[in-house]
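Source file: coords-v9.cif (mmCIF, C-alpha atoms)
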data_coords
#
loop_
_atom_site.label_atom_id
_atom_site.label_comp_id
_atom_site.auth_asym_id
_atom_site.auth_seq_id
_atom_site.Cartn_x
_atom_site.Cartn_y
_atom_site.Cartn_z
CA MET A 1 -88.85 -25.47 18.35
CA ALA A 2 -87.59 -22.18 19.68
CA LYS A 3 -88.47 -18.52 19.33
CA ILE A 4 -85.17 -16.69 19.01
CA LEU A 5 -84.60 -12.94 18.95
CA CYS A 6 -81.68 -12.21 16.59
CA LEU A 7 -79.57 -9.03 16.69
CA GLU A 8 -76.99 -8.01 14.06
CA THR A 9 -74.95 -4.81 14.57
CA SER A 10 -71.48 -5.59 13.22
CA THR A 11 -71.56 -3.05 10.35
CA SER A 12 -73.33 0.24 9.59
CA VAL A 13 -76.56 -1.76 9.11
CA CYS A 14 -78.64 -2.44 12.22
CA SER A 15 -81.09 -5.33 12.03
CA VAL A 16 -83.36 -7.39 14.27
CA ALA A 17 -85.32 -10.56 13.53
CA LEU A 18 -87.62 -12.96 15.31
CA THR A 19 -87.43 -16.60 14.28
CA ASP A 20 -89.37 -19.72 15.21
CA ASN A 21 -88.11 -23.24 14.56
CA GLY A 22 -85.48 -21.85 12.20
CA LYS A 23 -88.05 -19.91 10.16
CA LEU A 24 -88.12 -16.13 9.89
CA LEU A 25 -91.25 -14.56 11.38
CA PHE A 26 -90.47 -10.83 11.36
CA SER A 27 -87.47 -8.66 10.59
CA GLU A 28 -86.53 -4.98 10.70
CA VAL A 29 -83.53 -3.36 9.02
CA GLU A 30 -82.11 0.17 9.27
CA HIS A 31 -79.26 1.44 7.11
CA SER A 32 -78.53 4.52 9.21
CA ALA A 33 -74.85 4.57 10.14
CA ASN A 34 -73.75 5.44 13.69
CA SER A 35 -77.26 5.11 15.09
CA HIS A 36 -77.29 1.61 16.56
CA SER A 37 -77.58 2.89 20.12
CA ALA A 38 -80.74 4.79 19.24
CA LEU A 39 -82.26 2.24 16.86
CA LEU A 40 -81.64 -1.21 18.29
CA THR A 41 -84.09 -1.21 21.20
CA VAL A 42 -86.69 0.52 19.03
CA LEU A 43 -86.43 -2.24 16.42
CA ILE A 44 -86.66 -4.91 19.11
CA GLU A 45 -89.84 -3.36 20.53
CA LYS A 46 -91.28 -3.12 17.00
CA ILE A 47 -90.60 -6.80 16.29
CA ILE A 48 -92.14 -7.98 19.55
CA LYS A 49 -95.20 -5.79 18.92
CA GLN A 50 -95.59 -7.21 15.39
CA ALA A 51 -95.47 -10.72 16.82
CA LYS A 52 -98.14 -9.82 19.41
CA MET A 53 -96.15 -11.44 22.17
CA GLU A 54 -94.31 -10.56 25.35
CA MET A 55 -90.52 -10.38 25.46
CA SER A 56 -90.56 -13.10 28.13
CA GLN A 57 -91.94 -15.54 25.53
CA ILE A 58 -88.70 -15.72 23.56
CA ASP A 59 -86.55 -18.79 24.20
CA ALA A 60 -83.13 -17.26 23.49
CA VAL A 61 -81.26 -14.28 22.07
CA ALA A 62 -78.76 -14.68 19.22
CA VAL A 63 -76.24 -11.93 18.54
CA SER A 64 -73.51 -11.31 16.00
CA SER A 65 -70.23 -11.71 17.87
CA GLY A 66 -67.87 -10.00 15.40
CA PRO A 67 -65.56 -9.08 13.94
CA GLY A 68 -66.76 -5.71 12.73
CA SER A 69 -67.51 -2.26 14.07
CA TYR A 70 -66.20 -1.92 17.62
CA THR A 71 -69.08 0.34 18.69
CA GLY A 72 -71.74 -1.63 16.84
CA LEU A 73 -70.64 -4.94 18.33
CA ARG A 74 -70.45 -3.47 21.84
CA ILE A 75 -74.00 -2.13 21.55
CA GLY A 76 -75.40 -5.37 20.14
CA VAL A 77 -73.72 -7.66 22.65
CA SER A 78 -74.49 -5.49 25.68
CA THR A 79 -78.16 -5.30 24.64
CA ALA A 80 -78.34 -9.07 24.10
CA LYS A 81 -76.68 -9.78 27.43
CA GLY A 82 -79.03 -7.38 29.20
CA ILE A 83 -82.11 -9.12 27.79
CA CYS A 84 -80.75 -12.58 28.59
CA TYR A 85 -79.81 -11.62 32.13
CA ALA A 86 -83.15 -9.94 32.86
CA LEU A 87 -85.26 -12.77 31.43
CA GLN A 88 -82.92 -15.65 32.33
CA LYS A 89 -82.68 -16.74 28.68
CA PRO A 90 -79.66 -18.33 26.96
CA LEU A 91 -77.31 -16.33 24.76
CA ILE A 92 -76.21 -17.59 21.32
CA ALA A 93 -73.24 -16.04 19.50
CA ILE A 94 -72.69 -16.23 15.74
CA THR A 95 -69.73 -14.68 13.94
CA SER A 96 -70.64 -11.80 11.66
CA LEU A 97 -68.76 -13.38 8.74
CA ARG A 98 -70.82 -16.57 8.98
CA ILE A 99 -73.99 -14.46 8.98
CA LEU A 100 -72.70 -12.55 5.96
CA ALA A 101 -71.91 -15.80 4.14
CA GLN A 102 -75.39 -17.14 4.90
CA GLN A 103 -76.93 -13.97 3.49
CA ALA A 104 -74.91 -14.43 0.30
CA ILE A 105 -76.23 -18.00 -0.02
CA ILE A 106 -79.81 -16.83 0.50
CA LEU A 107 -79.53 -14.15 -2.20
CA ASN A 108 -77.48 -16.12 -4.74
CA LYS A 109 -78.86 -19.66 -4.80
CA GLU A 110 -78.91 -19.83 -8.59
CA LEU A 111 -75.30 -18.66 -8.91
CA LEU A 112 -74.09 -21.23 -6.40
CA LYS A 113 -75.87 -24.01 -8.29
CA GLU A 114 -73.48 -23.50 -11.20
CA GLY A 115 -70.69 -25.34 -9.43
CA LYS A 116 -68.51 -25.46 -6.34
CA MET A 117 -67.50 -22.00 -5.26
CA LEU A 118 -65.80 -20.63 -2.17
CA LEU A 119 -67.46 -17.81 -0.28
CA CYS A 120 -65.30 -14.97 0.99
CA PRO A 121 -67.23 -12.50 3.18
CA MET A 122 -65.35 -9.26 3.82
CA ILE A 123 -66.05 -6.62 6.43
CA ASP A 124 -64.26 -3.29 6.09
CA ALA A 125 -61.43 -2.84 8.60
CA ARG A 126 -60.20 0.52 7.22
CA ARG A 127 -57.69 1.29 4.48
CA LEU A 128 -56.91 -1.89 2.48
CA GLU A 129 -57.55 -4.22 5.40
CA VAL A 130 -60.60 -6.46 5.76
CA PHE A 131 -61.93 -8.95 8.27
CA THR A 132 -62.48 -12.14 6.33
CA ALA A 133 -62.70 -15.93 6.29
CA LEU A 134 -63.47 -18.62 3.74
CA PHE A 135 -66.53 -20.87 3.62
CA ASP A 136 -67.66 -23.51 1.16
CA ASP A 137 -71.11 -23.32 -0.42
CA ASN A 138 -72.52 -25.43 2.43
CA LEU A 139 -71.35 -22.82 4.98
CA ASN A 140 -68.54 -25.00 6.32
CA GLN A 141 -65.71 -22.72 7.43
CA ILE A 142 -62.44 -23.71 5.73
CA GLU A 143 -60.23 -20.80 6.76
CA GLU A 144 -59.97 -19.06 10.11
CA ILE A 145 -61.20 -15.52 10.61
CA SER A 146 -58.40 -13.01 10.16
CA ALA A 147 -57.60 -9.40 9.32
CA LYS A 148 -55.98 -9.31 5.87
CA ILE A 149 -54.31 -6.49 4.00
CA ILE A 150 -55.41 -6.98 0.41
CA ASN A 151 -52.96 -6.73 -2.49
CA SER A 152 -52.70 -8.02 -6.06
CA THR A 153 -51.50 -11.46 -4.89
CA SER A 154 -54.26 -12.05 -2.34
CA PHE A 155 -56.07 -15.40 -2.86
CA THR A 156 -54.02 -16.05 -6.04
CA SER A 157 -53.31 -19.72 -5.36
CA LEU A 158 -56.96 -20.47 -4.60
CA LEU A 159 -58.25 -18.46 -7.56
CA GLU A 160 -56.08 -20.54 -9.90
CA LYS A 161 -58.09 -23.61 -8.88
CA GLN A 162 -61.66 -22.39 -8.40
CA LYS A 163 -64.08 -19.49 -8.29
CA ILE A 164 -64.38 -17.35 -5.19
CA ALA A 165 -67.31 -15.05 -4.47
CA PHE A 166 -66.30 -11.87 -2.61
CA PHE A 167 -68.95 -9.77 -0.89
CA GLY A 168 -69.64 -7.46 2.02
CA ASP A 169 -68.74 -3.81 2.66
CA GLY A 170 -65.04 -4.70 2.55
CA ALA A 171 -65.20 -6.35 -0.87
CA SER A 172 -65.98 -3.25 -2.92
CA LYS A 173 -62.57 -1.68 -2.22
CA CYS A 174 -60.88 -4.93 -3.31
CA LYS A 175 -62.58 -5.19 -6.68
CA ASP A 176 -59.89 -3.26 -8.57
CA ILE A 177 -57.06 -5.03 -6.71
CA ILE A 178 -58.05 -8.69 -7.05
CA GLN A 179 -57.97 -9.16 -10.81
CA ASN A 180 -58.78 -12.76 -11.76
CA LYS A 181 -61.36 -14.39 -14.00
CA ASN A 182 -62.39 -16.65 -11.11
CA ALA A 183 -63.02 -13.72 -8.76
CA ILE A 184 -66.73 -12.88 -8.56
CA PHE A 185 -67.90 -9.80 -6.68
CA LEU A 186 -71.44 -9.77 -5.34
CA GLU A 187 -73.07 -6.41 -4.61
CA ASN A 188 -75.30 -5.15 -1.80
CA ILE A 189 -74.86 -8.02 0.64
CA HIS A 190 -74.88 -7.18 4.34
CA PRO A 191 -74.90 -9.35 7.47
CA LEU A 192 -78.55 -9.30 8.54
CA ALA A 193 -80.38 -10.71 11.54
CA SER A 194 -82.81 -12.49 9.21
CA ALA A 195 -79.92 -14.67 7.96
CA MET A 196 -79.27 -15.95 11.49
CA ALA A 197 -82.44 -18.06 11.67
CA THR A 198 -81.23 -21.55 10.76
CA ILE A 199 -77.80 -21.11 12.36
CA ALA A 200 -79.29 -19.92 15.65
CA GLU A 201 -81.83 -22.75 15.70
CA THR A 202 -79.09 -25.35 15.20
CA LEU A 203 -76.93 -23.89 17.96
CA TYR A 204 -79.93 -23.69 20.28
CA HIS A 205 -80.66 -27.41 19.97
CA LYS A 206 -76.98 -28.21 20.47
CA ASN A 207 -77.02 -26.13 23.68
CA LYS A 208 -74.20 -23.97 22.31
CA PHE A 209 -74.74 -21.10 24.72
CA GLU A 210 -72.40 -18.38 25.95
CA ASP A 211 -71.64 -17.39 29.52
CA ILE A 212 -73.68 -14.21 29.87
CA ALA A 213 -71.43 -12.74 32.55
CA TYR A 214 -68.14 -13.16 30.70
CA PHE A 215 -68.97 -13.18 26.99
CA GLU A 216 -67.35 -10.39 24.97
CA PRO A 217 -67.47 -9.53 21.25
CA PHE A 218 -64.77 -10.89 18.97
CA TYR A 219 -63.15 -7.59 17.98
CA LEU A 220 -60.10 -9.28 16.36
CA LYS A 221 -58.21 -5.97 16.50
CA ASP A 222 -57.78 -3.54 19.37
CA PHE A 223 -59.94 -0.45 19.21
CA ILE A 224 -57.95 2.60 18.06
CA ALA A 225 -59.43 5.99 18.85
CA ILE A 226 -58.89 8.62 16.17
CA ALA A 227 -58.23 12.15 17.33
CA PRO A 228 -60.51 14.79 15.78
CA LYS A 229 -58.91 16.90 13.06
CA ASN A 230 -60.26 20.16 14.45
CA LYS A 231 -58.83 20.69 17.91
CA VAL A 232 -60.53 23.09 20.29
CA LEU A 233 -58.10 25.12 22.37
CA ALA A 234 -59.11 25.89 25.92
CA ASN A 235 -58.73 29.44 27.16
#
Write out the structure in this file as structure tokens.
Amino acid sequence: MAKILCLETSTSVCSVALTDNGKLLFSEVEHSANSHSALLTVLIEKIIKQAKMEMSQIDAVAVSSGPGSYTGLRIGVSTAKGICYALQKPLIAITSLRILAQQAIILNKELLKEGKMLLCPMIDARRLEVFTALFDDNLNQIEEISAKIINSTSFTSLLEKQKIAFFGDGASKCKDIIQNKNAIFLENIHPLASAMATIAETLYHKNKFEDIAYFEPFYLKDFIAIAPKNKVLAN
């Protein structure tokens, strides 16, 4: 049994959860974009207060490791590392796409009962590119995480053989491009800290911990700064 503080900041959604023995105790979610730096510690304090416990009583911190928003991941991982370092607790990393796939399973149990279906979580990577991977309906990863540019032939060979469920904030822009009767698009699914419970518990008991000093988010692509459109000229 382990009390694990879970942090998920890979997209515009910021979420925190507290789990015990793989079961969700409390969770908080905020859908305010570009506010992770202001919200994350507030949500953590709120969760700990709801649980009527001290931060030192947690057994580990689990954090989404990416890919996803460069800024969001940096905030989430640095916060997790800070807590682990201060309290001498282990750090658990879970890819954001695995968390997203788990959330899809949680919300679509009846659909998945209809037959074997691949899960394709997609996180927006700008333009027609997405961060994605493939999982089976038991959350076994069957394709490596990659950045894909989506076109009309994407996933064609797989879709000829079986159904694939596409979801996440990157899937909506692919809906009109991937035209196949076996392509199913699931709406309003985000990677949430509450979906990390069973995964984090399993990794905890397997002692799958990260090196707090050297662990970095899995950005997958280099960060590219975009110059502002309105330039201010100095006198």
Using all atoms listed in the file, pick whichever of A:Gln179, A:Thr202, A:Asn207, A:Ser10 has the shortest atom-to-atom distance to Asn151 (chain A). A:Gln179
Let me know the residues the PyMOL selection byres ((chain A and resi 80) around 8) catches in the file above, as a PyMOL selection string. chain A and resi 7+61-63+76-79+81-84+91
Neighbour residues at most 8 Å from (-77.3, -9.8, 11.8) (all atoms listed in the file) as a list in words: Cys6, Leu7, Glu8, Thr9, Ser10, Cys14, Ser15, Val16, Val63, Ser64, Ser96, Ile99, Leu100, Pro191, Leu192, Ala193, Ser194, Ala195 and Met196 of chain A
Which is closest to Arg74 (chain A) among A:Arg126, A:Thr11, A:Ser154, A:Gln88, if we use all atoms listed in the file?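 Using all atoms listed in the file, the shortest distance to Arg74 (chain A) belongs to A:Thr11.
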Kindly indicate which residue among A:Glu110, A:Leu186, A:Leu220, A:Ile92 lies nearest to Phe131 (chain A), using all atoms listed in the file for the distances.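 Counting all atoms listed in the file, the residue closest to Phe131 (chain A) is A:Leu220.
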Once the PyMOL selection byres ((chain A and resi 119-121) around 8) has been evaluated on this model, what residues remain selected, and can you format them as a list in words?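 Output of the PyMOL selection byres ((chain A and resi 119-121) around 8): Leu97, Arg98, Leu100, Ala101, Met117, Leu118, Met122, Ile123, Thr132, Ala133, Leu134, Phe135, Asp136, Asp137, Ile164, Ala165, Phe166, Phe167, Gly168 and Ala171 of chain A.
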Can you tell me how far CA of Leu112 (chain A) sits from CA of Cys174 (chain A), in Å to one decimal?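 Atom-to-atom, CA of Leu112 (chain A) and CA of Cys174 (chain A) are spaced 21.2 Å apart.
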Counting all atoms listed in the file, the option among A:Ser35, A:Val42, A:Pro90, A:Lys3 closest to Lys208 (chain A):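 For Lys208 (chain A), the nearest of the candidates is A:Pro90.
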Rounded to one decimal place, report the CA of Phe209 (chain A)-CA of Tyr70 (chain A) distance in Å. 22.2 Å
